Structure formats: structure tokens, C-alpha cells
file target.txt (compact mmCIF, C-alpha atoms)
# COMPACT_ATOMS: atom_id res chain seq x y z
CA MET A 1 20.61 17.83 -33.47
CA THR A 2 22.61 16.73 -36.42
CA PRO A 3 23.51 13.05 -36.79
CA LYS A 4 27.18 13.84 -36.19
CA THR A 5 26.44 15.62 -32.91
CA GLU A 6 24.06 12.85 -31.87
CA ALA A 7 26.70 10.19 -32.54
CA GLN A 8 29.24 12.21 -30.57
CA VAL A 9 26.87 12.48 -27.60
CA SER A 10 26.23 8.74 -27.75
CA ARG A 11 29.96 8.00 -27.79
CA PHE A 12 30.56 10.23 -24.78
CA ASP A 13 27.57 8.66 -23.03
CA LEU A 14 29.05 5.23 -23.60
CA ILE A 15 32.35 6.38 -22.08
CA LYS A 16 30.50 7.81 -19.10
CA TRP A 17 28.57 4.56 -18.56
CA VAL A 18 31.82 2.59 -18.76
CA ALA A 19 33.23 4.92 -16.08
CA VAL A 20 30.15 4.31 -13.91
CA VAL A 21 30.51 0.54 -14.24
CA ALA A 22 34.24 0.83 -13.49
CA LEU A 23 33.51 2.82 -10.33
CA VAL A 24 31.00 0.22 -9.17
CA VAL A 25 33.46 -2.60 -9.86
CA VAL A 26 36.20 -0.72 -7.99
CA GLY A 27 33.83 -0.32 -5.05
CA VAL A 28 32.90 -4.00 -4.94
CA VAL A 29 36.45 -5.28 -5.41
CA GLY A 30 37.89 -2.70 -3.01
CA ASN A 31 35.34 -3.59 -0.35
CA GLN A 32 36.29 -7.24 -0.65
CA TYR A 33 40.04 -6.52 -0.78
CA TYR A 34 39.95 -4.28 2.30
CA SER A 35 37.63 -6.54 4.29
CA ALA A 36 39.99 -6.32 7.28
CA ALA A 37 39.69 -2.52 7.39
CA PRO A 38 37.17 -0.94 9.77
CA ILE A 39 33.62 -0.98 8.41
CA LEU A 40 33.28 2.78 8.82
CA TYR A 41 36.08 3.49 6.34
CA ARG A 42 34.70 0.98 3.85
CA VAL A 43 31.20 2.44 4.06
CA LEU A 44 32.52 5.98 3.62
CA ALA A 45 34.57 4.90 0.62
CA LEU A 46 31.56 3.12 -0.93
CA LEU A 47 29.36 6.18 -0.36
CA ALA A 48 31.97 8.42 -1.99
CA LEU A 49 32.28 6.07 -4.98
CA ALA A 50 28.48 5.84 -5.27
CA ALA A 51 28.19 9.63 -5.22
CA VAL A 52 30.80 10.00 -7.95
CA ALA A 53 29.22 7.21 -10.01
CA GLY A 54 25.78 8.82 -9.60
CA PHE A 55 27.13 12.21 -10.62
CA VAL A 56 28.75 10.74 -13.74
CA ALA A 57 25.57 8.80 -14.58
CA LEU A 58 23.48 11.97 -14.28
CA GLN A 59 25.66 13.62 -16.93
CA THR A 60 24.43 11.16 -19.59
CA ALA A 61 21.28 11.60 -21.67
CA LYS A 62 19.54 8.74 -19.83
CA GLY A 63 20.66 10.17 -16.49
CA LYS A 64 19.26 13.59 -17.33
CA SER A 65 15.94 12.10 -18.40
CA PHE A 66 15.85 10.08 -15.15
CA PHE A 67 16.47 13.25 -13.15
CA VAL A 68 13.61 15.01 -14.97
CA LEU A 69 11.36 12.01 -14.30
CA ALA A 70 12.28 12.07 -10.59
CA LYS A 71 11.50 15.80 -10.35
CA GLU A 72 8.13 15.30 -12.06
CA ALA A 73 7.31 12.35 -9.80
CA ARG A 74 8.10 14.43 -6.74
CA ALA A 75 5.82 17.18 -8.00
CA GLU A 76 3.02 14.64 -8.52
CA ILE A 77 3.51 13.21 -5.02
CA ARG A 78 3.03 16.68 -3.60
CA LYS A 79 -0.36 16.86 -5.33
CA VAL A 80 -1.61 13.69 -3.58
CA VAL A 81 -4.19 14.22 -0.87
CA TRP A 82 -2.96 11.99 1.94
CA PRO A 83 -5.47 10.56 4.42
CA THR A 84 -5.67 11.98 7.91
CA ARG A 85 -4.63 9.96 10.93
CA GLN A 86 -8.29 9.31 11.80
CA GLU A 87 -9.07 8.03 8.29
CA THR A 88 -6.02 5.78 8.38
CA MET A 89 -6.96 4.36 11.78
CA GLN A 90 -10.57 3.73 10.70
CA THR A 91 -9.53 2.00 7.50
CA THR A 92 -6.98 -0.12 9.35
CA LEU A 93 -9.60 -1.11 11.91
CA ILE A 94 -12.03 -2.10 9.16
CA VAL A 95 -9.37 -4.27 7.51
CA VAL A 96 -8.48 -5.97 10.81
CA VAL A 97 -12.15 -6.69 11.59
CA VAL A 98 -12.81 -8.11 8.11
CA VAL A 99 -9.72 -10.32 8.34
CA LEU A 100 -10.80 -11.63 11.74
CA VAL A 101 -14.36 -12.33 10.55
CA MET A 102 -13.08 -14.14 7.46
CA ALA A 103 -10.65 -16.15 9.60
CA LEU A 104 -13.46 -17.22 11.91
CA LEU A 105 -15.69 -18.14 8.95
CA LEU A 106 -12.96 -20.19 7.31
CA TRP A 107 -12.11 -21.87 10.63
CA GLY A 108 -15.78 -22.76 11.14
CA LEU A 109 -16.15 -24.07 7.60
CA ASP A 110 -12.97 -26.13 7.98
CA SER A 111 -14.20 -27.58 11.27
CA LEU A 112 -17.60 -28.40 9.76
CA LEU A 113 -16.10 -30.06 6.71
CA GLY A 114 -13.63 -31.98 8.89
CA TRP A 115 -16.49 -33.21 11.09
CA LEU A 116 -18.55 -34.25 8.01
CA VAL A 117 -15.61 -36.13 6.52
CA SER A 118 -14.95 -37.92 9.80
CA LEU A 119 -18.62 -39.00 9.91
CA ILE A 120 -18.46 -40.33 6.35
CA VAL A 121 -15.09 -42.06 6.68
CA GLY A 122 -15.89 -43.45 10.08
call {"tool": "encode", "arguments": {"input": "target.txt", "output": "C-alpha cells"}}
result
Amino acid sequence: MTPKTEAQVSRFDLIKWVAVVALVVVGVVGNQYYSAAPILYRVLALLALAAVAGFVALQTAKGKSFFVLAKEARAEIRKVVWPTRQETMQTTLIVVVVVLVMALLLWGLDSLLGWLVSLIVG
């Protein structure tokens, strides 16, 4: 891209980000202003404003790169080999047993040290 085109894209991106911030501010102020209105209407209005703000944000260069990153992350998550239910249960059981054993060891050590200190102090 030429510097002139790049500067033009940056200027439009700045305008888009200002619009996103304005939409968020309108949502926050409007939610506070209409606090007496039913919660359903306020939530629907906030969701609509968030959708519009998200759409405008995705039209910027940063928004497009974020969307590409999200698509790539989703593709990577699909490549993960997730553990089976049996593996998850076995691992969880091992963790619980180790935690219980360590708790008992620390409780015993604490009791022993407390008893020794009480013998020394009197």
C-alpha cells in the first residue's frame, strides 16, 4: 500500500474506533438513564449496541486481524486431543488423593511441632 492509502485507512480506522467508543458510552449512559425501565428492554438494547459496536470494530484493521486470530485459534482448538471421561476421572481422583495425603502429612507435622513447642515452652 502506498503511504497515502495507509494514512487514509488509519484515519478511517480512528473514526471507526471513535464510533465504537461512542456506542459503548451511549450504552452505559443509556442503561443508567433508563434504570427504571424493565431490565429486559435494557438488556436487549445493550446487546443491540454491543452487536453494532462489534460489527464496526471488526471493520478496522485491528478488528480484522483479531477475527483472523480467532479463526486460527478455533482451528487449533479442533486439533487438540481431549482426554476421555475415564482419563479425566482417573486424573481427578489422583489429584484428590494426593491433596488428602499432603493435608494429613501437614496436619501431622503441625501437631508434632506444636507438641514439641509446648514441651519446650512448658
call {"tool": "atom_distance", "arguments": {"input": "target.txt", "atom1": "atom CA of Val29 of chain A", "atom2": "atom CA of Gly54 of chain A"}}
result
18.2 Å
call {"tool": "closest_residue", "arguments": {"input": "target.txt", "among": "A:Val96, A:Met89, A:Leu47, A:Val56", "to": "Leu14 of chain A", "atoms": "only C-alpha atoms"}}
result
A:Val56
call {"tool": "residues_around", "arguments": {"input": "target.txt", "residues": "Phe55 of chain A", "least_positions_apart": "6", "cutoff": "10 Å", "atoms": "all atoms listed in the file", "output": "PyMOL selection string"}}
result
chain A and resi 20+49+63
call {"tool": "write_last_selection", "arguments": {"input": "target.txt", "atoms": "C-alpha atoms", "output": "mmCIF file, in the frame of the given file"}}
result
data_model
loop_
_atom_site.group_PDB
_atom_site.id
_atom_site.type_symbol
_atom_site.label_atom_id
_atom_site.label_comp_id
_atom_site.auth_asym_id
_atom_site.auth_seq_id
_atom_site.Cartn_x
_atom_site.Cartn_y
_atom_site.Cartn_z
ATOM 1 C CA VAL A 20 30.150 4.310 -13.910
ATOM 2 C CA LEU A 49 32.280 6.070 -4.980
ATOM 3 C CA GLY A 63 20.660 10.170 -16.490
#
call {"tool": "residues_near_point", "arguments": {"input": "target.txt", "point": "(30.7, 1.7, -12.4)", "cutoff": "12 Å", "atoms": "all atoms listed in the file", "output": "list in words"}}
result
Leu14, Ile15, Lys16, Trp17, Val18, Ala19, Val20, Val21, Ala22, Leu23, Val24, Val25, Val26, Gly27, Val28, Val29, Leu46, Leu49, Ala50, Ala51, Val52, Ala53, Gly54, Phe55, Val56 and Ala57 of chain A
call {"tool": "closest_residue", "arguments": {"input": "target.txt", "among": "A:Gly30, A:Val117, A:Leu69, A:Gly108", "to": "Ala45 of chain A", "atoms": "all atoms listed in the file"}}
result
A:Gly30
call {"tool": "atom_distance", "arguments": {"input": "target.txt", "atom1": "atom CA of Ala75 of chain A", "atom2": "atom CA of Gln59 of chain A"}}
result
22.0 Å
call {"tool": "atom_distance", "arguments": {"input": "target.txt", "atom1": "atom CA of Ser65 of chain A", "atom2": "atom CA of Val43 of chain A"}}
result
28.8 Å
